[in-house]
$ cat final_5.cif   # mmCIF, C-alpha atoms; chains and numbers go by the auth columns
data_coords
#
loop_
_atom_site.group_PDB
_atom_site.id
_atom_site.type_symbol
_atom_site.label_atom_id
_atom_site.label_comp_id
_atom_site.label_asym_id
_atom_site.label_seq_id
_atom_site.Cartn_x
_atom_site.Cartn_y
_atom_site.Cartn_z
_atom_site.B_iso_or_equiv
_atom_site.auth_seq_id
_atom_site.auth_asym_id
ATOM 1 C CA MET A 1 -27.343 -19.446 41.023 0.00 1 T
ATOM 2 C CA LYS A 2 -29.244 -17.018 38.752 0.00 2 T
ATOM 3 C CA VAL A 3 -27.681 -14.030 40.548 0.00 3 T
ATOM 4 C CA PHE A 4 -24.193 -15.560 40.180 0.00 4 T
ATOM 5 C CA THR A 5 -24.703 -16.080 36.397 0.00 5 T
ATOM 6 C CA ILE A 6 -25.878 -12.481 35.929 0.00 6 T
ATOM 7 C CA PHE A 7 -22.908 -11.224 37.959 0.00 7 T
ATOM 8 C CA LEU A 8 -20.481 -13.351 35.860 0.00 8 T
ATOM 9 C CA VAL A 9 -21.918 -12.122 32.541 0.00 9 T
ATOM 10 C CA ALA A 10 -21.785 -8.506 33.763 0.00 10 T
ATOM 11 C CA ALA A 11 -18.151 -8.942 34.853 0.00 11 T
ATOM 12 C CA LEU A 12 -17.183 -10.431 31.483 0.00 12 T
ATOM 13 C CA LEU A 13 -18.895 -7.631 29.572 0.00 13 T
ATOM 14 C CA ALA A 14 -17.183 -5.026 31.727 0.00 14 T
ATOM 15 C CA ALA A 15 -13.815 -6.662 31.131 0.00 15 T
ATOM 16 C CA CYS A 16 -14.362 -6.653 27.363 0.00 16 T
ATOM 17 C CA GLY A 17 -15.286 -2.977 27.398 0.00 17 T
ATOM 18 C CA ASN A 18 -12.040 -1.938 29.141 0.00 18 T
ATOM 19 C CA THR A 19 -9.620 -3.312 26.564 0.00 19 T
ATOM 20 C CA ARG A 20 -7.234 -0.851 24.968 0.00 20 T
ATOM 21 C CA PRO A 21 -7.099 -0.636 21.174 0.00 21 T
ATOM 22 C CA ALA A 22 -4.442 -2.846 19.627 0.00 22 T
ATOM 23 C CA VAL A 23 -1.232 -1.135 18.520 0.00 23 T
ATOM 24 C CA GLU A 24 -0.677 -1.735 14.821 0.00 24 T
ATOM 25 C CA ARG A 25 2.658 -2.763 13.404 0.00 25 T
ATOM 26 C CA GLN A 26 4.271 -0.454 10.863 0.00 26 T
ATOM 27 C CA SER A 27 6.511 -1.542 7.996 0.00 27 T
ATOM 28 C CA PHE A 28 9.260 0.530 6.380 0.00 28 T
ATOM 29 C CA LEU A 29 11.439 0.173 3.292 0.00 29 T
ATOM 30 C CA ILE A 30 14.791 1.797 2.601 0.00 30 T
ATOM 31 C CA ARG A 31 15.163 2.971 -0.977 0.00 31 T
ATOM 32 C CA THR A 32 18.057 5.096 -2.127 0.00 32 T
ATOM 33 C CA GLU A 33 17.441 8.257 -4.143 0.00 33 T
ATOM 34 C CA ARG A 34 19.893 10.436 -5.980 0.00 34 T
ATOM 35 C CA SER A 35 19.499 13.751 -7.713 0.00 35 T
ATOM 36 C CA ALA A 36 21.675 12.977 -10.750 0.00 36 T
ATOM 37 C CA PRO A 37 23.950 10.277 -12.206 0.00 37 T
ATOM 38 C CA MET A 38 27.729 10.545 -11.933 0.00 38 T
ATOM 39 C CA ALA A 39 29.445 12.659 -14.563 0.00 39 T
ATOM 40 C CA VAL A 40 31.788 9.892 -15.763 0.00 40 T
ATOM 41 C CA ALA A 41 31.914 7.518 -18.700 0.00 41 T
ATOM 42 C CA PRO A 42 30.629 4.010 -17.881 0.00 42 T
ATOM 43 C CA VAL A 43 33.211 1.345 -17.080 0.00 43 T
ATOM 44 C CA ALA A 44 33.300 -1.485 -19.597 0.00 44 T
ATOM 45 C CA GLY A 45 31.509 -4.260 -17.799 0.00 45 T
ATOM 46 C CA VAL A 46 28.637 -5.554 -15.751 0.00 46 T
ATOM 47 C CA LEU A 47 28.588 -5.306 -11.960 0.00 47 T
ATOM 48 C CA ARG A 48 26.741 -7.845 -9.824 0.00 48 T
ATOM 49 C CA VAL A 49 25.754 -6.663 -6.374 0.00 49 T
ATOM 50 C CA ALA A 50 26.036 -9.842 -4.302 0.00 50 T
ATOM 51 C CA ARG A 51 23.702 -10.559 -1.395 0.00 51 T
ATOM 52 C CA VAL A 52 24.536 -8.307 1.536 0.00 52 T
ATOM 53 C CA VAL A 53 25.659 -10.021 4.740 0.00 53 T
ATOM 54 C CA VAL A 54 24.250 -8.303 7.829 0.00 54 T
ATOM 55 C CA ALA A 55 25.556 -9.191 11.293 0.00 55 T
ATOM 56 C CA PRO A 56 23.077 -10.251 13.980 0.00 56 T
ATOM 57 C CA PRO A 57 20.999 -8.787 15.536 0.00 57 T
ATOM 58 C CA PHE A 58 20.742 -6.209 12.740 0.00 58 T
ATOM 59 C CA ASP A 59 19.746 -8.862 10.166 0.00 59 T
ATOM 60 C CA GLN A 60 16.154 -9.099 11.394 0.00 60 T
ATOM 61 C CA ARG A 61 13.194 -7.016 10.284 0.00 61 T
ATOM 62 C CA ALA A 62 12.557 -5.251 13.600 0.00 62 T
ATOM 63 C CA LEU A 63 14.232 -1.881 14.068 0.00 63 T
ATOM 64 C CA VAL A 64 17.119 -2.123 16.542 0.00 64 T
ATOM 65 C CA TYR A 65 17.747 0.558 19.179 0.00 65 T
ATOM 66 C CA ARG A 66 20.817 1.025 21.340 0.00 66 T
ATOM 67 C CA ARG A 67 19.698 2.000 24.838 0.00 67 T
ATOM 68 C CA GLY A 68 22.937 1.677 26.835 0.00 68 T
ATOM 69 C CA ASP A 69 26.582 0.651 26.673 0.00 69 T
ATOM 70 C CA VAL A 70 25.643 -3.004 26.235 0.00 70 T
ATOM 71 C CA ARG A 71 21.850 -2.878 25.924 0.00 71 T
ATOM 72 C CA TYR A 72 20.100 -3.139 22.571 0.00 72 T
ATOM 73 C CA GLU A 73 16.409 -3.737 21.979 0.00 73 T
ATOM 74 C CA THR A 74 14.252 -4.605 19.004 0.00 74 T
ATOM 75 C CA ASP A 75 11.001 -2.818 18.173 0.00 75 T
ATOM 76 C CA PHE A 76 8.237 -5.364 17.664 0.00 76 T
ATOM 77 C CA TYR A 77 5.828 -2.741 16.320 0.00 77 T
ATOM 78 C CA ASN A 78 8.158 -1.089 13.795 0.00 78 T
ATOM 79 C CA GLN A 79 9.913 -3.249 11.251 0.00 79 T
ATOM 80 C CA PHE A 80 11.261 -3.355 7.734 0.00 80 T
ATOM 81 C CA ALA A 81 8.993 -4.656 4.985 0.00 81 T
ATOM 82 C CA ALA A 82 11.799 -6.930 3.733 0.00 82 T
ATOM 83 C CA ASP A 83 14.734 -8.717 5.331 0.00 83 T
ATOM 84 C CA PRO A 84 17.623 -6.221 5.716 0.00 84 T
ATOM 85 C CA PRO A 85 20.105 -8.255 3.591 0.00 85 T
ATOM 86 C CA ASP A 86 17.714 -8.271 0.612 0.00 86 T
ATOM 87 C CA MET A 87 16.511 -4.711 1.151 0.00 87 T
ATOM 88 C CA LEU A 88 20.058 -3.319 1.378 0.00 88 T
ATOM 89 C CA ALA A 89 21.275 -5.274 -1.657 0.00 89 T
ATOM 90 C CA GLU A 90 18.424 -3.846 -3.716 0.00 90 T
ATOM 91 C CA ALA A 91 19.149 -0.324 -2.417 0.00 91 T
ATOM 92 C CA VAL A 92 22.874 -0.629 -3.274 0.00 92 T
ATOM 93 C CA ALA A 93 22.112 -2.015 -6.740 0.00 93 T
ATOM 94 C CA GLY A 94 19.564 0.736 -7.405 0.00 94 T
ATOM 95 C CA TRP A 95 21.991 3.478 -6.381 0.00 95 T
ATOM 96 C CA LEU A 96 24.825 2.148 -8.541 0.00 96 T
ATOM 97 C CA ARG A 97 22.479 1.491 -11.469 0.00 97 T
ATOM 98 C CA GLN A 98 21.263 5.105 -11.369 0.00 98 T
ATOM 99 C CA GLY A 99 24.850 6.354 -11.060 0.00 99 T
ATOM 100 C CA GLY A 100 25.856 5.117 -14.508 0.00 100 T
ATOM 101 C CA LEU A 101 29.420 4.142 -13.554 0.00 101 T
ATOM 102 C CA PHE A 102 28.933 0.598 -14.894 0.00 102 T
ATOM 103 C CA GLN A 103 27.303 -0.370 -18.179 0.00 103 T
ATOM 104 C CA ARG A 104 24.874 -2.517 -16.247 0.00 104 T
ATOM 105 C CA VAL A 105 24.254 -3.355 -12.591 0.00 105 T
ATOM 106 C CA VAL A 106 22.437 -6.550 -11.648 0.00 106 T
ATOM 107 C CA ALA A 107 20.975 -7.494 -8.286 0.00 107 T
ATOM 108 C CA PRO A 108 21.819 -10.766 -6.493 0.00 108 T
ATOM 109 C CA ALA A 109 18.863 -12.607 -8.019 0.00 109 T
ATOM 110 C CA GLY A 110 19.883 -11.692 -11.584 0.00 110 T
ATOM 111 C CA ALA A 111 21.108 -14.564 -13.745 0.00 111 T
ATOM 112 C CA ALA A 112 23.204 -12.543 -16.195 0.00 112 T
ATOM 113 C CA PRO A 113 26.992 -13.097 -16.183 0.00 113 T
ATOM 114 C CA ALA A 114 28.982 -10.254 -14.628 0.00 114 T
ATOM 115 C CA ASP A 115 32.508 -8.884 -14.960 0.00 115 T
ATOM 116 C CA TYR A 116 32.685 -7.598 -11.370 0.00 116 T
ATOM 117 C CA ARG A 117 31.107 -8.588 -8.057 0.00 117 T
ATOM 118 C CA LEU A 118 30.505 -6.248 -5.143 0.00 118 T
ATOM 119 C CA ASP A 119 30.356 -7.986 -1.752 0.00 119 T
ATOM 120 C CA THR A 120 28.956 -5.995 1.148 0.00 120 T
ATOM 121 C CA SER A 121 28.976 -6.768 4.852 0.00 121 T
ATOM 122 C CA VAL A 122 27.144 -4.692 7.440 0.00 122 T
ATOM 123 C CA SER A 123 28.371 -4.781 11.039 0.00 123 T
ATOM 124 C CA ALA A 124 26.088 -2.038 12.429 0.00 124 T
ATOM 125 C CA PHE A 125 22.585 -0.972 11.407 0.00 125 T
ATOM 126 C CA TYR A 126 20.725 0.580 14.334 0.00 126 T
ATOM 127 C CA VAL A 127 19.488 3.738 16.014 0.00 127 T
ATOM 128 C CA ASP A 128 21.585 4.963 18.935 0.00 128 T
ATOM 129 C CA PHE A 129 19.302 6.517 21.547 0.00 129 T
ATOM 130 C CA GLN A 130 22.197 6.730 23.984 0.00 130 T
ATOM 131 C CA ALA A 131 23.818 9.380 21.775 0.00 131 T
ATOM 132 C CA ASN A 132 22.930 13.054 22.053 0.00 132 T
ATOM 133 C CA PRO A 133 21.306 13.729 19.659 0.00 133 T
ATOM 134 C CA PRO A 134 19.879 10.263 18.861 0.00 134 T
ATOM 135 C CA SER A 135 21.503 9.029 15.655 0.00 135 T
ATOM 136 C CA ALA A 136 21.278 6.289 13.061 0.00 136 T
ATOM 137 C CA VAL A 137 24.477 4.245 12.790 0.00 137 T
ATOM 138 C CA ILE A 138 25.476 2.171 9.800 0.00 138 T
ATOM 139 C CA SER A 139 28.850 0.471 9.302 0.00 139 T
ATOM 140 C CA LEU A 140 29.685 -1.292 6.025 0.00 140 T
ATOM 141 C CA ARG A 141 32.596 -3.040 4.368 0.00 141 T
ATOM 142 C CA TRP A 142 32.753 -3.153 0.561 0.00 142 T
ATOM 143 C CA HIS A 143 34.795 -5.684 -1.426 0.00 143 T
ATOM 144 C CA LEU A 144 34.973 -5.455 -5.240 0.00 144 T
ATOM 145 C CA VAL A 145 36.204 -8.545 -7.100 0.00 145 T
ATOM 146 C CA ARG A 146 37.035 -9.045 -10.775 0.00 146 T
ATOM 147 C CA GLU A 147 35.139 -12.230 -11.654 0.00 147 T
ATOM 148 C CA ARG A 148 37.477 -13.607 -14.369 0.00 148 T
ATOM 149 C CA ASP A 149 40.465 -14.014 -12.042 0.00 149 T
ATOM 150 C CA GLY A 150 39.074 -13.414 -8.536 0.00 150 T
ATOM 151 C CA SER A 151 41.377 -10.469 -7.924 0.00 151 T
ATOM 152 C CA THR A 152 40.386 -7.811 -5.406 0.00 152 T
ATOM 153 C CA LEU A 153 40.079 -4.338 -6.910 0.00 153 T
ATOM 154 C CA LEU A 154 38.773 -2.501 -3.856 0.00 154 T
ATOM 155 C CA GLU A 155 38.316 -2.919 -0.121 0.00 155 T
ATOM 156 C CA ASN A 156 36.609 0.003 1.526 0.00 156 T
ATOM 157 C CA ASP A 157 35.093 0.649 4.967 0.00 157 T
ATOM 158 C CA SER A 158 32.442 3.224 5.732 0.00 158 T
ATOM 159 C CA ARG A 159 30.873 4.185 9.069 0.00 159 T
ATOM 160 C CA GLN A 160 28.139 6.789 9.073 0.00 160 T
ATOM 161 C CA ARG A 161 26.302 8.459 11.948 0.00 161 T
ATOM 162 C CA VAL A 162 23.299 10.625 11.048 0.00 162 T
ATOM 163 C CA ALA A 163 21.280 12.550 13.646 0.00 163 T
ATOM 164 C CA LEU A 164 17.534 11.907 13.649 0.00 164 T
ATOM 165 C CA ALA A 165 15.538 14.885 12.398 0.00 165 T
ATOM 166 C CA GLU A 166 12.603 13.571 14.413 0.00 166 T
ATOM 167 C CA LYS A 167 12.545 11.063 17.244 0.00 167 T
ATOM 168 C CA SER A 168 10.150 8.550 15.682 0.00 168 T
ATOM 169 C CA PRO A 169 10.323 5.298 13.696 0.00 169 T
ATOM 170 C CA ASP A 170 9.888 7.321 10.482 0.00 170 T
ATOM 171 C CA GLY A 171 12.760 9.579 11.493 0.00 171 T
ATOM 172 C CA ALA A 172 14.895 6.570 12.384 0.00 172 T
ATOM 173 C CA VAL A 173 14.392 4.933 8.977 0.00 173 T
ATOM 174 C CA ARG A 174 15.045 8.204 7.131 0.00 174 T
ATOM 175 C CA ALA A 175 18.318 8.662 9.053 0.00 175 T
ATOM 176 C CA LEU A 176 19.364 5.059 8.273 0.00 176 T
ATOM 177 C CA ARG A 177 18.597 5.724 4.589 0.00 177 T
ATOM 178 C CA ASP A 178 20.606 8.961 4.645 0.00 178 T
ATOM 179 C CA GLY A 179 23.546 7.152 6.270 0.00 179 T
ATOM 180 C CA LEU A 180 23.433 4.467 3.584 0.00 180 T
ATOM 181 C CA GLN A 181 23.397 7.109 0.857 0.00 181 T
ATOM 182 C CA LEU A 182 26.428 8.855 2.384 0.00 182 T
ATOM 183 C CA ALA A 183 28.264 5.515 2.455 0.00 183 T
ATOM 184 C CA LEU A 184 27.265 4.824 -1.158 0.00 184 T
ATOM 185 C CA GLY A 185 28.607 8.228 -2.195 0.00 185 T
ATOM 186 C CA GLU A 186 31.969 7.320 -0.660 0.00 186 T
ATOM 187 C CA LEU A 187 31.897 3.914 -2.336 0.00 187 T
ATOM 188 C CA GLU A 188 31.114 5.413 -5.719 0.00 188 T
ATOM 189 C CA ALA A 189 34.004 7.885 -5.463 0.00 189 T
ATOM 190 C CA ALA A 190 36.343 4.977 -4.659 0.00 190 T
ATOM 191 C CA LEU A 191 34.949 2.904 -7.559 0.00 191 T
ATOM 192 C CA ALA A 192 35.423 5.794 -9.977 0.00 192 T
ATOM 193 C CA ALA A 193 39.123 6.029 -9.028 0.00 193 T
ATOM 194 C CA ILE A 194 39.885 2.388 -9.937 0.00 194 T
ATOM 195 C CA ARG A 195 41.677 1.487 -13.178 0.00 195 T
ATOM 196 C CA TYR A 196 39.618 -1.385 -14.512 0.00 196 T
#

$ encode --input "final_5.cif" --output "structure tokens"
Amino acid sequence: MKVFTIFLVAALLAACGNTRPAVERQSFLIRTERSAPMAVAPVAGVLRVARVVVAPPFDQRALVYRRGDVRYETDFYNQFAADPPDMLAEAVAGWLRQGGLFQRVVAPAGAAPADYRLDTSVSAFYVDFQANPPSAVISLRWHLVRERDGSTLLENDSRQRVALAEKSPDGAVRALRDGLQLALGELEAALAAIRY
């Protein structure tokens, strides 16, 4: 019995010593950055950026990868630090606020009354590893509404595909950010052309 106990303890200690180190989860945040505001006079009014609606499965924190024609997978170890709808709404509001097109831009949580509301829906927000080169894909639909009468001032679609500079989670998030900024540039040009 004593020999069996020693053997069991030795086996348990050996098993504990062969464990691999745990893989740590990484968190990422998409923030938009611009070099300069738009060179236009501000529109009279306040814009509210409404909560962004993101289609499943892209609405979860884990990065999503396309691996085949119909196969997508989520990355348990690499995720966004915030839920994509909230993170994208804040990124859109920050970009438009820095642009200076509107007198003021408020995020979804803001309580101030607004003259205009920007609704955003996202139907694609993933990294396509089936593509050559691997690319970030983002597809958005913008809808601008005048709050006082509910009239639609703009409906605009944008689909961006940005090649990854490096094949890593960091590179994937940077490419998604760059795709969002390209889409926001298109949106801003369309907003600037509206007669308010």

$ atom_distance --input "final_5.cif" --atom1 "atom CA of T:Ala50" --atom2 "atom CA of T:Leu191"
15.9 Å

$ closest_residue --input "final_5.cif" --among "T:Ser139, T:Ser35, T:Ser121, T:Gln60" --to "T:Gln98" --atoms "all atoms listed in the file"
T:Ser35

$ residues_around --input "final_5.cif" --residues "T:Arg97" --least-positions-apart "5" --cutoff "10 Å" --atoms "all atoms listed in the file" --output "PyMOL selection string"
chain T and resi 37+47+91-92+102-107

$ write_last_selection --input "final_5.cif" --atoms "C-alpha atoms" --output "PDB file, in the frame of the given file"
ATOM      1  CA  PRO T  37      23.950  10.277 -12.206  1.00  0.00           C
ATOM      2  CA  LEU T  47      28.588  -5.306 -11.960  1.00  0.00           C
ATOM      3  CA  ALA T  91      19.149  -0.324  -2.417  1.00  0.00           C
ATOM      4  CA  VAL T  92      22.874  -0.629  -3.274  1.00  0.00           C
ATOM      5  CA  PHE T 102      28.933   0.598 -14.894  1.00  0.00           C
ATOM      6  CA  GLN T 103      27.303  -0.370 -18.179  1.00  0.00           C
ATOM      7  CA  ARG T 104      24.874  -2.517 -16.247  1.00  0.00           C
ATOM      8  CA  VAL T 105      24.254  -3.355 -12.591  1.00  0.00           C
ATOM      9  CA  VAL T 106      22.437  -6.550 -11.648  1.00  0.00           C
ATOM     10  CA  ALA T 107      20.975  -7.494  -8.286  1.00  0.00           C
TER      11      ALA T 107
END

$ closest_residue --input "final_5.cif" --among "T:Arg195, T:Arg148, T:Arg34, T:Arg141" --to "T:Val54" --atoms "only C-alpha atoms"
T:Arg141

$ closest_residue --input "final_5.cif" --among "T:Ala189, T:Val122, T:Leu182, T:Val145" --to "T:Pro56" --atoms "all atoms listed in the file"
T:Val122

$ resolve_selection --input "final_5.cif" --expression "the PyMOL selection byres ((chain T and resi 162-166) around 10)" --output "list in words"
Val127, Asp128, Phe129, Ala131, Asn132, Pro133, Pro134, Ser135, Ala136, Val137, Ile138, Gln160, Arg161, Lys167, Ser168, Pro169, Asp170, Gly171, Ala172, Val173, Arg174, Ala175, Leu176, Arg177, Asp178, Gly179, Leu180 and Leu182 of chain T

$ decode --input "final_5.cif" --residues "stretch 122-167 of chain T" --atoms "C-alpha atoms" --output "compact mmCIF listing (two decimals), in the first residue's frame"
# COMPACT_ATOMS: atom_id res chain seq x y z
CA VAL T 122 -23.69 46.68 -39.67
CA SER T 123 -24.21 43.51 -41.70
CA ALA T 124 -20.54 42.41 -41.89
CA PHE T 125 -17.67 42.93 -39.45
CA TYR T 126 -15.09 40.16 -39.79
CA VAL T 127 -11.69 39.11 -41.11
CA ASP T 128 -11.75 37.09 -44.32
CA PHE T 129 -8.93 34.54 -44.23
CA GLN T 130 -10.30 32.88 -47.35
CA ALA T 131 -9.35 35.97 -49.37
CA ASN T 132 -5.87 36.44 -50.80
CA PRO T 133 -4.55 38.54 -49.17
CA PRO T 134 -6.51 38.13 -45.90
CA SER T 135 -8.73 41.19 -45.47
CA ALA T 136 -10.98 42.91 -42.97
CA VAL T 137 -14.55 43.31 -44.23
CA ILE T 138 -17.04 45.83 -42.91
CA SER T 139 -20.46 46.57 -44.42
CA LEU T 140 -22.62 49.40 -43.07
CA ARG T 141 -25.89 51.13 -43.83
CA TRP T 142 -26.38 54.73 -42.69
CA HIS T 143 -29.78 56.40 -42.25
CA LEU T 144 -30.01 60.10 -41.31
CA VAL T 145 -33.36 61.34 -39.97
CA ARG T 146 -34.55 64.86 -39.18
CA GLU T 147 -36.01 64.50 -35.69
CA ARG T 148 -38.73 67.21 -35.88
CA ASP T 149 -40.66 65.52 -38.69
CA GLY T 150 -39.07 62.06 -39.05
CA SER T 151 -38.06 62.70 -42.65
CA THR T 152 -35.15 60.78 -44.14
CA LEU T 153 -32.32 63.01 -45.35
CA LEU T 154 -29.83 60.31 -46.31
CA GLU T 155 -29.59 56.58 -46.90
CA ASN T 156 -26.11 55.40 -47.71
CA ASP T 157 -24.41 52.00 -47.98
CA SER T 158 -20.71 51.38 -47.60
CA ARG T 159 -18.74 48.14 -47.96
CA GLN T 160 -15.02 48.22 -47.29
CA ARG T 161 -12.36 45.54 -47.70
CA VAL T 162 -8.90 46.32 -46.29
CA ALA T 163 -5.95 43.93 -46.61
CA LEU T 164 -4.21 42.99 -43.36
CA ALA T 165 -0.75 44.51 -43.07
CA GLU T 166 0.13 41.67 -40.71
CA LYS T 167 -1.60 38.35 -40.17
